[in-house]
$ cat input-v3.pdb   # PDB, C-alpha atoms
ATOM      1  CA  MET A   1     117.773  86.982  55.821
ATOM      2  CA  LYS A   2     118.966  87.480  59.379
ATOM      3  CA  ASN A   3     122.569  86.733  58.425
ATOM      4  CA  ASN A   4     122.406  89.426  55.769
ATOM      5  CA  PHE A   5     121.261  91.957  58.363
ATOM      6  CA  ILE A   6     124.077  91.026  60.739
ATOM      7  CA  GLU A   7     126.610  91.148  57.922
ATOM      8  CA  GLY A   8     125.340  94.636  57.104
ATOM      9  CA  LEU A   9     125.639  95.702  60.730
ATOM     10  CA  ARG A  10     129.227  94.465  60.834
ATOM     11  CA  ASP A  11     130.173  96.301  57.634
ATOM     12  CA  GLY A  12     128.619  99.437  59.112
ATOM     13  CA  ILE A  13     130.814  99.459  62.244
ATOM     14  CA  PRO A  14     133.831 101.242  60.687
ATOM     15  CA  ILE A  15     131.512 103.788  59.045
ATOM     16  CA  ALA A  16     129.745 104.384  62.362
ATOM     17  CA  LEU A  17     133.082 104.935  64.140
ATOM     18  CA  GLY A  18     134.182 107.363  61.439
ATOM     19  CA  TYR A  19     130.882 109.236  61.659
ATOM     20  CA  LEU A  20     131.050 109.386  65.442
ATOM     21  CA  SER A  21     134.220 111.468  65.159
ATOM     22  CA  VAL A  22     133.208 113.571  62.161
ATOM     23  CA  SER A  23     129.761 114.458  63.481
ATOM     24  CA  PHE A  24     131.423 115.704  66.660
ATOM     25  CA  SER A  25     132.405 118.821  64.727
ATOM     26  CA  ILE A  26     128.854 119.110  63.334
ATOM     27  CA  GLY A  27     127.605 119.168  66.931
ATOM     28  CA  ILE A  28     129.999 121.963  67.873
ATOM     29  CA  MET A  29     129.035 123.959  64.794
ATOM     30  CA  ALA A  30     125.305 123.424  65.412
ATOM     31  CA  LEU A  31     125.583 125.084  68.827
ATOM     32  CA  SER A  32     127.599 128.024  67.503
ATOM     33  CA  SER A  33     124.990 128.458  64.742
ATOM     34  CA  GLY A  34     122.271 128.977  67.322
ATOM     35  CA  LEU A  35     120.788 125.471  67.496
ATOM     36  CA  ASN A  36     120.291 123.605  70.750
ATOM     37  CA  VAL A  37     121.456 120.027  71.322
ATOM     38  CA  PHE A  38     118.088 118.543  70.336
ATOM     39  CA  GLN A  39     117.871 120.575  67.128
ATOM     40  CA  GLY A  40     121.414 119.493  66.225
ATOM     41  CA  ALA A  41     120.497 115.847  66.757
ATOM     42  CA  PHE A  42     117.262 116.325  64.787
ATOM     43  CA  MET A  43     119.225 117.768  61.867
ATOM     44  CA  SER A  44     121.704 114.879  61.867
ATOM     45  CA  ILE A  45     119.103 112.109  62.073
ATOM     46  CA  THR A  46     116.978 113.610  59.287
ATOM     47  CA  ASN A  47     119.781 114.685  56.911
ATOM     48  CA  VAL A  48     122.691 112.255  57.437
ATOM     49  CA  THR A  49     125.114 114.238  55.287
ATOM     50  CA  SER A  50     128.313 116.036  56.298
ATOM     51  CA  ALA A  51     128.850 118.680  53.625
ATOM     52  CA  GLY A  52     125.128 119.428  53.292
ATOM     53  CA  GLN A  53     124.726 119.989  57.037
ATOM     54  CA  PHE A  54     127.832 122.169  57.240
ATOM     55  CA  ALA A  55     126.442 124.318  54.426
ATOM     56  CA  GLY A  56     122.929 124.345  55.902
ATOM     57  CA  LEU A  57     124.256 125.479  59.282
ATOM     58  CA  ALA A  58     126.188 128.271  57.568
ATOM     59  CA  VAL A  59     122.969 129.473  55.891
ATOM     60  CA  ILE A  60     121.059 129.314  59.189
ATOM     61  CA  ALA A  61     123.832 131.126  61.096
ATOM     62  CA  SER A  62     123.891 133.952  58.542
ATOM     63  CA  GLY A  63     120.090 134.239  58.567
ATOM     64  CA  GLY A  64     119.869 133.207  54.914
ATOM     65  CA  ALA A  65     116.577 132.911  53.046
ATOM     66  CA  ILE A  66     114.884 129.598  52.230
ATOM     67  CA  PRO A  67     115.594 129.695  48.442
ATOM     68  CA  GLU A  68     119.292 130.058  49.260
ATOM     69  CA  LEU A  69     119.036 127.099  51.624
ATOM     70  CA  ILE A  70     117.357 124.939  48.960
ATOM     71  CA  LEU A  71     119.889 125.877  46.275
ATOM     72  CA  THR A  72     122.869 125.148  48.542
ATOM     73  CA  GLN A  73     121.471 121.756  49.475
ATOM     74  CA  LEU A  74     120.704 120.928  45.848
ATOM     75  CA  ILE A  75     124.189 121.788  44.627
ATOM     76  CA  ILE A  76     126.161 120.280  47.488
ATOM     77  CA  ASN A  77     124.121 117.084  47.638
ATOM     78  CA  LEU A  78     123.714 116.597  43.904
ATOM     79  CA  ARG A  79     126.468 113.983  43.985
ATOM     80  CA  TYR A  80     124.043 111.734  45.900
ATOM     81  CA  ALA A  81     121.851 111.631  42.795
ATOM     82  CA  LEU A  82     124.774 110.111  40.901
ATOM     83  CA  MET A  83     125.408 107.663  43.743
ATOM     84  CA  SER A  84     121.742 106.672  44.032
ATOM     85  CA  LEU A  85     121.640 106.121  40.281
ATOM     86  CA  SER A  86     124.715 103.883  40.523
ATOM     87  CA  LEU A  87     123.395 101.996  43.545
ATOM     88  CA  SER A  88     119.975 101.646  41.921
ATOM     89  CA  GLN A  89     121.653  99.709  39.114
ATOM     90  CA  LYS A  90     123.246  97.301  41.561
ATOM     91  CA  LEU A  91     120.064  96.621  43.569
ATOM     92  CA  PRO A  92     118.361  93.417  42.423
ATOM     93  CA  GLU A  93     115.005  93.899  40.655
ATOM     94  CA  LYS A  94     113.204  92.067  43.450
ATOM     95  CA  ILE A  95     113.788  94.937  45.871
ATOM     96  CA  THR A  96     110.452  96.787  45.988
ATOM     97  CA  LEU A  97     109.671 100.470  45.564
ATOM     98  CA  TRP A  98     109.043 100.907  49.301
ATOM     99  CA  GLN A  99     112.303  99.193  50.153
ATOM    100  CA  ARG A 100     114.111 101.459  47.704
ATOM    101  CA  MET A 101     112.532 104.508  49.308
ATOM    102  CA  ILE A 102     113.893 103.374  52.688
ATOM    103  CA  ILE A 103     117.346 102.479  51.348
ATOM    104  CA  ALA A 104     117.564 105.922  49.688
ATOM    105  CA  PHE A 105     117.257 107.715  53.044
ATOM    106  CA  ALA A 106     120.817 107.160  54.231
ATOM    107  CA  ASN A 107     122.662 106.650  50.956
ATOM    108  CA  THR A 108     125.758 108.510  52.167
ATOM    109  CA  ASP A 109     129.169 108.560  50.479
ATOM    110  CA  GLU A 110     130.546 105.792  52.672
ATOM    111  CA  ILE A 111     127.453 103.567  52.761
ATOM    112  CA  PHE A 112     127.285 103.864  48.990
ATOM    113  CA  ALA A 113     130.962 102.953  48.624
ATOM    114  CA  VAL A 114     130.690  99.917  50.891
ATOM    115  CA  ALA A 115     127.478  98.749  49.171
ATOM    116  CA  MET A 116     129.106  99.077  45.745
ATOM    117  CA  ASN A 117     132.170  97.143  46.946
ATOM    118  CA  HIS A 118     130.012  94.370  48.403
ATOM    119  CA  ASN A 119     130.835  91.351  46.256
ATOM    120  CA  LYS A 120     127.538  89.555  46.843
ATOM    121  CA  SER A 121     124.045  90.459  45.660
ATOM    122  CA  LEU A 122     122.601  93.279  47.788
ATOM    123  CA  THR A 123     119.561  92.451  49.906
ATOM    124  CA  PHE A 124     117.160  94.710  51.793
ATOM    125  CA  PRO A 125     118.179  93.326  55.240
ATOM    126  CA  TYR A 126     121.849  93.881  54.376
ATOM    127  CA  MET A 127     121.212  97.512  53.400
ATOM    128  CA  ILE A 128     119.182  98.157  56.580
ATOM    129  CA  GLY A 129     121.937  96.593  58.691
ATOM    130  CA  LEU A 130     124.586  98.615  56.880
ATOM    131  CA  GLN A 131     122.762 101.911  57.475
ATOM    132  CA  SER A 132     121.666 101.390  61.108
ATOM    133  CA  LEU A 133     124.896 101.923  63.034
ATOM    134  CA  PRO A 134     126.188 104.797  60.873
ATOM    135  CA  ILE A 135     122.897 106.697  61.461
ATOM    136  CA  ILE A 136     123.233 106.107  65.224
ATOM    137  CA  GLY A 137     126.927 107.076  65.105
ATOM    138  CA  TRP A 138     126.213 110.214  63.096
ATOM    139  CA  THR A 139     123.433 111.383  65.428
ATOM    140  CA  GLY A 140     125.211 110.263  68.605
ATOM    141  CA  GLY A 141     128.416 112.051  67.595
ATOM    142  CA  THR A 142     126.451 115.240  66.973
ATOM    143  CA  VAL A 143     124.972 115.069  70.475
ATOM    144  CA  LEU A 144     128.364 114.312  72.053
ATOM    145  CA  GLY A 145     129.996 117.111  70.085
ATOM    146  CA  ALA A 146     127.331 119.602  71.110
ATOM    147  CA  ILE A 147     127.644 118.605  74.773
ATOM    148  CA  ALA A 148     131.331 117.893  75.252
ATOM    149  CA  GLY A 149     133.091 119.237  72.180
ATOM    150  CA  GLN A 150     134.498 122.277  73.869
ATOM    151  CA  VAL A 151     136.561 120.246  76.340
ATOM    152  CA  LEU A 152     138.270 117.976  73.781
ATOM    153  CA  PRO A 153     142.003 118.792  73.458
ATOM    154  CA  SER A 154     142.701 120.338  70.056
ATOM    155  CA  ALA A 155     145.471 117.787  69.358
ATOM    156  CA  VAL A 156     142.865 115.016  69.528
ATOM    157  CA  SER A 157     140.259 116.768  67.396
ATOM    158  CA  SER A 158     142.889 117.639  64.796
ATOM    159  CA  ALA A 159     143.829 113.955  64.494
ATOM    160  CA  LEU A 160     140.164 112.882  64.319
ATOM    161  CA  ASN A 161     139.650 115.204  61.355
ATOM    162  CA  VAL A 162     141.423 112.783  59.025
ATOM    163  CA  ALA A 163     139.327 109.755  60.019
ATOM    164  CA  LEU A 164     136.851 110.278  57.207
ATOM    165  CA  TYR A 165     139.544 110.879  54.601
ATOM    166  CA  GLY A 166     141.303 107.712  55.789
ATOM    167  CA  MET A 167     138.123 105.805  54.999
ATOM    168  CA  PHE A 168     137.931 107.343  51.522
ATOM    169  CA  ILE A 169     141.558 106.329  50.905
ATOM    170  CA  ALA A 170     140.811 102.799  52.109
ATOM    171  CA  ILE A 171     138.055 102.531  49.495
ATOM    172  CA  VAL A 172     139.801 104.081  46.488
ATOM    173  CA  VAL A 173     143.443 102.935  46.806
ATOM    174  CA  PRO A 174     143.059  99.106  46.707
ATOM    175  CA  THR A 175     140.941  99.268  43.523
ATOM    176  CA  ALA A 176     143.107 101.958  41.936
ATOM    177  CA  VAL A 177     146.216  99.827  42.486
ATOM    178  CA  LYS A 178     144.549  96.830  40.858
ATOM    179  CA  ILE A 179     142.626  98.480  37.999
ATOM    180  CA  ARG A 180     144.576 101.031  35.941
ATOM    181  CA  PRO A 181     141.571 102.980  34.501
ATOM    182  CA  VAL A 182     140.293 103.585  38.064
ATOM    183  CA  LEU A 183     143.736 104.921  39.006
ATOM    184  CA  ILE A 184     143.725 107.281  36.027
ATOM    185  CA  VAL A 185     140.182 108.510  36.765
ATOM    186  CA  ALA A 186     141.100 109.087  40.429
ATOM    187  CA  VAL A 187     144.283 111.006  39.528
ATOM    188  CA  LEU A 188     142.285 113.083  37.036
ATOM    189  CA  ALA A 189     139.657 113.890  39.681
ATOM    190  CA  ALA A 190     142.400 114.887  42.160
ATOM    191  CA  PHE A 191     144.082 117.053  39.518
ATOM    192  CA  LEU A 192     140.846 118.880  38.606
ATOM    193  CA  SER A 193     140.007 119.337  42.278
ATOM    194  CA  CYS A 194     143.431 120.945  42.871
ATOM    195  CA  VAL A 195     143.052 123.184  39.811
ATOM    196  CA  ILE A 196     139.722 124.499  41.120
ATOM    197  CA  TYR A 197     141.101 124.845  44.645
ATOM    198  CA  TYR A 198     144.375 126.618  43.864
ATOM    199  CA  ILE A 199     143.724 128.735  40.768
ATOM    200  CA  PRO A 200     142.245 132.099  41.839
ATOM    201  CA  LEU A 201     140.040 132.259  38.729
ATOM    202  CA  PHE A 202     137.930 129.424  40.196
ATOM    203  CA  SER A 203     137.807 130.744  43.770
ATOM    204  CA  GLY A 204     134.093 131.479  43.415
ATOM    205  CA  ILE A 205     133.304 127.784  42.999
ATOM    206  CA  SER A 206     131.989 126.263  46.230
ATOM    207  CA  THR A 207     133.212 122.932  47.597
ATOM    208  CA  GLY A 208     129.982 121.176  46.624
ATOM    209  CA  THR A 209     130.058 122.492  43.054
ATOM    210  CA  SER A 210     133.731 121.584  42.746
ATOM    211  CA  ILE A 211     132.968 117.982  43.733
ATOM    212  CA  ILE A 212     130.237 117.806  41.076
ATOM    213  CA  ILE A 213     132.472 119.259  38.316
ATOM    214  CA  CYS A 214     135.405 116.938  39.163
ATOM    215  CA  THR A 215     133.237 113.835  39.514
ATOM    216  CA  VAL A 216     131.310 114.365  36.289
ATOM    217  CA  SER A 217     134.322 115.301  34.146
ATOM    218  CA  ALA A 218     136.707 112.612  35.450
ATOM    219  CA  SER A 219     134.040 109.876  35.228
ATOM    220  CA  ALA A 220     132.926 110.969  31.746
ATOM    221  CA  ILE A 221     136.502 111.029  30.439
ATOM    222  CA  GLY A 222     137.092 107.615  32.016
ATOM    223  CA  ALA A 223     133.916 106.244  30.423
ATOM    224  CA  VAL A 224     134.974 107.470  26.963
ATOM    225  CA  ILE A 225     138.603 106.284  27.115
ATOM    226  CA  PHE A 226     138.105 103.114  29.175
ATOM    227  CA  PRO A 227     134.585 101.735  28.659
ATOM    228  CA  VAL A 228     133.854  99.074  31.259
ATOM    229  CA  PRO A 229     133.071  95.608  29.799
ATOM    230  CA  GLN A 230     129.323  94.968  30.025
ATOM    231  CA  LYS A 231     129.651  91.843  32.133
ATOM    232  CA  ALA A 232     131.366  93.743  34.981
ATOM    233  CA  ASP A 233     129.136  93.454  38.035
ATOM    234  CA  GLY A 234     127.755  96.636  39.551
ATOM    235  CA  ALA A 235     128.819  98.715  36.575
TER     236      ALA A 235
ATOM    237  CA  MET B   1     111.899 128.656  62.266
ATOM    238  CA  ILE B   2     115.015 126.512  62.757
ATOM    239  CA  TYR B   3     112.863 123.383  62.500
ATOM    240  CA  LEU B   4     111.462 124.625  59.183
ATOM    241  CA  TYR B   5     115.007 125.047  57.865
ATOM    242  CA  ILE B   6     116.023 121.591  59.069
ATOM    243  CA  ILE B   7     112.941 119.941  57.525
ATOM    244  CA  ILE B   8     113.498 121.687  54.175
ATOM    245  CA  MET B   9     117.144 120.566  54.186
ATOM    246  CA  ALA B  10     116.078 116.999  54.939
ATOM    247  CA  LEU B  11     113.411 116.987  52.206
ATOM    248  CA  VAL B  12     115.741 118.347  49.517
ATOM    249  CA  THR B  13     118.463 115.868  50.476
ATOM    250  CA  TYR B  14     116.009 112.972  50.548
ATOM    251  CA  MET B  15     114.503 113.798  47.139
ATOM    252  CA  ILE B  16     117.984 113.917  45.603
ATOM    253  CA  ARG B  17     118.702 110.458  46.991
ATOM    254  CA  ALA B  18     115.293 108.863  46.413
ATOM    255  CA  ILE B  19     114.276 109.960  42.922
ATOM    256  CA  PRO B  20     117.176 108.357  41.014
ATOM    257  CA  MET B  21     116.792 105.190  43.070
ATOM    258  CA  THR B  22     113.059 104.764  42.533
ATOM    259  CA  VAL B  23     112.675 106.001  38.948
ATOM    260  CA  PHE B  24     115.584 104.163  37.317
ATOM    261  CA  ARG B  25     114.726 100.605  38.229
ATOM    262  CA  LYS B  26     115.485  98.891  34.949
ATOM    263  CA  LYS B  27     119.077  97.889  34.294
ATOM    264  CA  ILE B  28     120.817 100.534  32.184
ATOM    265  CA  THR B  29     122.432  98.909  29.144
ATOM    266  CA  ASN B  30     124.069 101.978  27.585
ATOM    267  CA  LYS B  31     127.808 101.327  27.682
ATOM    268  CA  PHE B  32     128.804 104.951  28.295
ATOM    269  CA  VAL B  33     126.317 105.415  31.149
ATOM    270  CA  CYS B  34     127.348 102.120  32.782
ATOM    271  CA  SER B  35     131.031 103.019  32.548
ATOM    272  CA  PHE B  36     130.362 106.550  33.798
ATOM    273  CA  LEU B  37     128.480 105.250  36.839
ATOM    274  CA  TYR B  38     131.250 102.727  37.527
ATOM    275  CA  TYR B  39     133.829 105.529  37.846
ATOM    276  CA  VAL B  40     131.627 107.951  39.865
ATOM    277  CA  PRO B  41     132.445 106.725  43.386
ATOM    278  CA  TYR B  42     136.210 106.738  42.810
ATOM    279  CA  ALA B  43     136.189 110.169  41.190
ATOM    280  CA  CYS B  44     133.861 111.598  43.842
ATOM    281  CA  LEU B  45     135.737 110.263  46.890
ATOM    282  CA  THR B  46     139.080 111.378  45.430
ATOM    283  CA  ALA B  47     137.805 114.867  44.618
ATOM    284  CA  MET B  48     136.506 115.215  48.185
ATOM    285  CA  THR B  49     139.825 114.032  49.660
ATOM    286  CA  VAL B  50     142.302 115.981  47.512
ATOM    287  CA  PRO B  51     143.321 118.625  48.374
ATOM    288  CA  ALA B  52     140.952 119.055  51.382
ATOM    289  CA  VAL B  53     142.724 116.428  53.516
ATOM    290  CA  PHE B  54     145.926 118.496  53.517
ATOM    291  CA  TYR B  55     144.097 121.306  55.294
ATOM    292  CA  ALA B  56     142.095 119.154  57.710
ATOM    293  CA  THR B  57     144.807 119.055  60.384
ATOM    294  CA  LYS B  58     146.925 121.659  62.155
ATOM    295  CA  ASN B  59     149.650 121.601  59.541
ATOM    296  CA  PHE B  60     150.587 120.189  56.161
ATOM    297  CA  VAL B  61     153.277 117.838  57.534
ATOM    298  CA  SER B  62     150.928 115.988  59.887
ATOM    299  CA  ALA B  63     148.304 115.677  57.128
ATOM    300  CA  LEU B  64     150.961 114.240  54.812
ATOM    301  CA  ALA B  65     151.891 111.695  57.510
ATOM    302  CA  GLY B  66     148.231 110.717  57.887
ATOM    303  CA  VAL B  67     147.721 110.308  54.137
ATOM    304  CA  GLY B  68     150.990 108.364  53.776
ATOM    305  CA  VAL B  69     150.078 105.887  56.498
ATOM    306  CA  ALA B  70     146.530 105.539  55.110
ATOM    307  CA  VAL B  71     147.776 104.809  51.585
ATOM    308  CA  VAL B  72     150.287 102.215  52.803
ATOM    309  CA  LEU B  73     147.678 100.491  55.003
ATOM    310  CA  ALA B  74     145.131 100.592  52.157
ATOM    311  CA  CYS B  75     147.669  99.019  49.783
ATOM    312  CA  CYS B  76     148.070  96.233  52.352
ATOM    313  CA  ARG B  77     144.276  95.815  52.128
ATOM    314  CA  ARG B  78     143.582  96.620  55.774
ATOM    315  CA  SER B  79     139.959  97.238  56.835
ATOM    316  CA  LEU B  80     138.346 100.671  56.656
ATOM    317  CA  VAL B  81     138.571 101.207  60.396
ATOM    318  CA  THR B  82     142.260 100.181  60.563
ATOM    319  CA  VAL B  83     143.161 102.606  57.786
ATOM    320  CA  ALA B  84     141.157 105.430  59.369
ATOM    321  CA  ALA B  85     142.626 104.774  62.828
ATOM    322  CA  GLY B  86     146.160 104.524  61.408
ATOM    323  CA  ALA B  87     145.731 107.895  59.713
ATOM    324  CA  CYS B  88     144.481 109.510  62.945
ATOM    325  CA  ILE B  89     147.343 108.081  65.011
ATOM    326  CA  ALA B  90     149.916 109.190  62.413
ATOM    327  CA  VAL B  91     148.528 112.739  62.482
ATOM    328  CA  PHE B  92     148.541 112.797  66.286
ATOM    329  CA  ILE B  93     152.150 111.581  66.520
ATOM    330  CA  ALA B  94     153.352 113.887  63.722
ATOM    331  CA  GLU B  95     151.801 116.884  65.431
ATOM    332  CA  GLN B  96     153.427 116.013  68.771
ATOM    333  CA  ILE B  97     156.860 115.718  67.104
ATOM    334  CA  PHE B  98     156.383 118.793  64.956
ATOM    335  CA  MET B  99     155.195 120.973  67.833
ATOM    336  CA  THR B 100     157.970 119.932  70.255
ATOM    337  CA  GLY B 101     160.468 120.416  67.403
ATOM    338  CA  LEU B 102     159.359 124.014  67.051
ATOM    339  CA  MET B 103     159.561 124.861  70.715
TER     340      MET B 103
END

$ encode --input "input-v3.pdb" --output "structure tokens"
Amino acid sequence: MKNNFIEGLRDGIPIALGYLSVSFSIGIMALSSGLNVFQGAFMSITNVTSAGQFAGLAVIASGGAIPELILTQLIINLRYALMSLSLSQKLPEKITLWQRMIIAFANTDEIFAVAMNHNKSLTFPYMIGLQSLPIIGWTGGTVLGAIAGQVLPSAVSSALNVALYGMFIAIVVPTAVKIRPVLIVAVLAAFLSCVIYYIPLFSGISTGTSIIICTVSASAIGAVIFPVPQKADGA
Amino acid sequence: MIYLYIIIMALVTYMIRAIPMTVFRKKITNKFVCSFLYYVPYACLTAMTVPAVFYATKNFVSALAGVGVAVVLACCRRSLVTVAAGACIAVFIAEQIFMTGLM
């Protein structure tokens, strides 16, 4: 049990480091949106989501109404429902309802990806270990960003911006190289994402909605053309 | 008022994450659904990265350098943190070269 927790902690270190840099910018944005350092930290520790918090801060800064806030969060974070559904399938049946409710709290993109790539059976201690440091990193980075963000040289912050994308690449590329259907689904998702981004007709589609459209269509097409054999673990 | 906004955000986000994880506890056997869920993370992470990563830095060239280094390191099966750090360093170096080249 204890070893599982420590293994989770270790797997969470790179995520925590990535979050520390990304949440820096959340901290800066929180202050410019009218929040104080504590409110920024409170938002990060209760939400633990990059795109959702960016969007939420934009609504707060523009004095938006609560229905608008709810709708933005629903649309931008809807991808987590897909991830939770996927992760739920990989969790062993012996994990209880309460444990699932705790695991669900910080099911972020990266924690989800690492958990799905974990080649052993997932345990509750492992999931708690995996989530601990990233939550601390996410909240800590927000505080640091809010306090010291203004003094960071722009050359450094520009370089730190790709940290998160580097992690995404590290998750997708090795599998895509090995398994052709994953490569095709990933290329399809990238293509659709570019179509929505570059073609003016789709300029009204927000980033969150675009992610949902690309994810659902590319995955559905992949599932129809390349059904995964039933015995595949985690599928 | 700000706290109310933050709490609503947190609740909506939590419900989205918790409901699918607590309601769907039986193993799904439908082949399409299983296959669909298998592809979701790859499609989602790719859609979030492309093309956004090319606009995350000061210029396109430095972003391209970061992505190139990340892909090569990922192909060599380096750890998440090595790939992320490699991408950051590549962007930093590319921007130094590019900026001095302009001046």

$ closest_atom_pairs --input "input-v3.pdb" --of "stretch 66-114 of chain A" --to "stretch 151-170 of chain A" --cutoff "10 Å" --atoms "only C-alpha atoms" --output "tab-separated table"
residue	atom	partner	partner_atom	distance
A:Asp109	CA	A:Phe168	CA	8.9
A:Glu110	CA	A:Phe168	CA	7.6
A:Ala113	CA	A:Phe168	CA	8.7

$ resolve_selection --input "input-v3.pdb" --expression "the ChimeraX specification (/A :<7) & /B" --output "PyMOL selection string"
chain B and resi 6+9-10+12-14+16-18+20-22+24-25+27+31-32+34-51+53+56-58+70-71+74-75+77+80-81+83-85+87-89+91-92

$ atom_distance --input "input-v3.pdb" --atom1 "atom CA of B:Tyr5" --atom2 "atom CA of A:Gly63"
10.5 Å

$ closest_residue --input "input-v3.pdb" --among "A:Ile6, A:Ile128, A:Ala30, A:Ile179" --to "A:Thr142" --atoms "all atoms listed in the file"
A:Ala30

$ atom_distance --input "input-v3.pdb" --atom1 "atom CA of B:Ser62" --atom2 "atom CA of B:Glu95"
5.7 Å

$ closest_residue --input "input-v3.pdb" --among "A:Thr123, A:Gln131, A:Ser203, A:Asn36" --to "A:Lys94" --atoms "all atoms listed in the file"
A:Thr123

$ residues_around --input "input-v3.pdb" --residues "A:Leu31" --least-positions-apart "6" --cutoff "12 Å" --atoms "all atoms listed in the file" --output "list in words"
Phe24, Ser25, Val37, Phe38, Gln39, Gly40, Ala41, Met43, Leu57, Ala58, Ile60, Ala61, Thr142, Val143, Leu144, Gly145, Ala146, Ile147, Ala148, Gly149 and Gln150 of chain A

$ atom_distance --input "input-v3.pdb" --atom1 "atom CA of B:Gly68" --atom2 "atom CA of B:Ala94"
11.6 Å

$ build_atoms --input "input-v3.pdb" --residues "stretch 2-13 of chain A" --atoms "N, CA and C atoms" --output "compact mmCIF listing (two decimals), keeping the file's coordinate frame"
# COMPACT_ATOMS: atom_id res chain seq x y z
N LYS A 2 118.42 86.92 58.15
CA LYS A 2 118.97 87.48 59.38
C LYS A 2 120.48 87.65 59.26
N ASN A 3 121.13 86.65 58.61
CA ASN A 3 122.57 86.73 58.42
C ASN A 3 122.97 87.95 57.60
N ASN A 4 122.13 88.25 56.60
CA ASN A 4 122.41 89.43 55.77
C ASN A 4 122.37 90.70 56.60
N PHE A 5 121.39 90.78 57.50
CA PHE A 5 121.26 91.96 58.36
C PHE A 5 122.50 92.11 59.24
N ILE A 6 122.92 90.98 59.84
CA ILE A 6 124.08 91.03 60.74
C ILE A 6 125.36 91.37 59.96
N GLU A 7 125.45 90.82 58.76
CA GLU A 7 126.61 91.15 57.92
C GLU A 7 126.64 92.65 57.61
N GLY A 8 125.45 93.20 57.35
CA GLY A 8 125.34 94.64 57.10
C GLY A 8 125.76 95.44 58.32
N LEU A 9 125.28 95.02 59.49
CA LEU A 9 125.64 95.70 60.73
C LEU A 9 127.15 95.74 60.89
N ARG A 10 127.79 94.57 60.65
CA ARG A 10 129.23 94.46 60.83
C ARG A 10 129.97 95.40 59.86
N ASP A 11 129.53 95.42 58.62
CA ASP A 11 130.17 96.30 57.63
C ASP A 11 129.95 97.77 57.96
N GLY A 12 128.92 98.05 58.76
CA GLY A 12 128.62 99.44 59.11
C GLY A 12 129.43 99.96 60.29
N ILE A 13 130.08 99.05 61.04
CA ILE A 13 130.81 99.46 62.24
C ILE A 13 131.90 100.50 61.94
